[in-house]
Amino acid sequence: TANLTSEALERNEEVAVRLGAQDCAQVREWLAYAFWEGAEHEMATPGALEAVRAPGWARRPDSRGNVLATAPGHTGLREELLSLVDGARSQLVVTSFGWSKEHPVVQRIIQRARQGLRVTVLARIRPSAMPALLALREAGAKVLGFQWLHAKVVWSDAGVALVTSANLEPHGMDDGFELGVRLTGARATAVASLLADT
């Protein structure tokens, strides 16, 4: 979940996942697709970015597997998050840096909290996030604020977790380019333990 900055690597609350060979191959496919088909500018000469178009060389990766993405025309990450929220039995933990009250994923979390699901939210307290965080609290979620939290993780007691680069906002869920990895079994349990210690 970390950017390549000293704050992210030394100060912020972040989460990293060590990937196996199959997941690494999927990440590589998505990065190649983003590189060739998603780039809008290229530095062709020092100090200047020039507009470029997608050459049409790379095919969008197969969406099967544990690596999910948000990419132009593809919202697999959003669909996975909605499924994860719907699949929670009695408990859900959600962490994010960015929150949009109107986004369907946030609205689904609010709905599940109103239905009695025990929802815990970990968030960095920022003015732009407050409408969503207040709505979650009013729906019954337990909302905990952090000064530097930047992690984006969702865990449910159905034994599934998702660690992602995407915030719960349109840019992360609906457009732009973001990646996430679905974790199950012992890896999801490890995420639950990490979140419980936060």
# chains A, B, ... in the order shown; residues from 1 in each chain; ligands from 1
call {"tool": "select_by_dssp", "arguments": {"residues": "range 54-149 of chain A", "states": "strand (DSSP E)", "output": "list of chain:residue names"}}
result
A:Val67, A:Leu68, A:Ala69, A:Thr70, A:Ala71, A:His74, A:Thr75, A:Gln91, A:Leu92, A:Val93, A:Val94, A:Thr95, A:Ser96, A:Arg118, A:Val119, A:Thr120, A:Val121, A:Leu122, A:Ala123, A:Arg124, A:Lys142, A:Val143, A:Leu144, A:Gly145, A:Phe146
call {"tool": "select_by_dssp", "arguments": {"residues": "chain A", "states": "alpha helix (DSSP H)", "output": "PyMOL selection string"}}
result
chain A and resi 6-10+21-33+76-87+104-114+130-138+170-173+185-197
call {"tool": "residues_around", "arguments": {"residues": "range 14-30 of chain A", "least_positions_apart": "6", "cutoff": "9 Å", "atoms": "only C-alpha atoms", "output": "ChimeraX atom specification"}}
result
/A:1-2,8,60-62,65-69,71,149-153,163-164,179,181,191,194
call {"tool": "closest_residue", "arguments": {"among": "A:His74, A:Lys142, A:Arg53, A:Arg126", "to": "Ser100 in chain A", "atoms": "only C-alpha atoms"}}
result
A:Arg126
call {"tool": "residues_around", "arguments": {"residues": "Ala51 in chain A", "least_positions_apart": "4", "cutoff": "8 Å", "atoms": "only C-alpha atoms", "output": "list in words"}}
result
Glu40, His41 and Glu42 of chain A
call {"tool": "write_last_selection", "arguments": {"atoms": "N, CA, C and O atoms", "output": "PDB file, in the first residue's frame"}}
result
ATOM      1  N   GLU A  40      -0.213   7.958 -20.821  1.00  0.00           N
ATOM      2  CA  GLU A  40      -0.703   9.098 -21.601  1.00  0.00           C
ATOM      3  C   GLU A  40       0.422  10.015 -22.062  1.00  0.00           C
ATOM      4  O   GLU A  40       0.232  10.807 -22.981  1.00  0.00           O
ATOM      5  N   HIS A  41       1.575   9.918 -21.400  1.00  0.00           N
ATOM      6  CA  HIS A  41       2.717  10.764 -21.752  1.00  0.00           C
ATOM      7  C   HIS A  41       4.002   9.945 -21.655  1.00  0.00           C
ATOM      8  O   HIS A  41       4.091   8.994 -20.888  1.00  0.00           O
ATOM      9  N   GLU A  42       4.980  10.345 -22.453  1.00  0.00           N
ATOM     10  CA  GLU A  42       6.281   9.689 -22.449  1.00  0.00           C
ATOM     11  C   GLU A  42       7.365  10.761 -22.439  1.00  0.00           C
ATOM     12  O   GLU A  42       7.227  11.790 -23.098  1.00  0.00           O
TER      13      GLU A  42
END
call {"tool": "closest_residue", "arguments": {"among": "A:Val52, A:Val105, A:Ala166, A:Val121", "to": "Leu133 in chain A", "atoms": "only C-alpha atoms"}}
result
A:Val121
call {"tool": "closest_residue", "arguments": {"among": "A:Ser83, A:Asn167, A:Thr75, A:Gln147", "to": "Arg182 in chain A", "atoms": "only C-alpha atoms"}}
result
A:Ser83
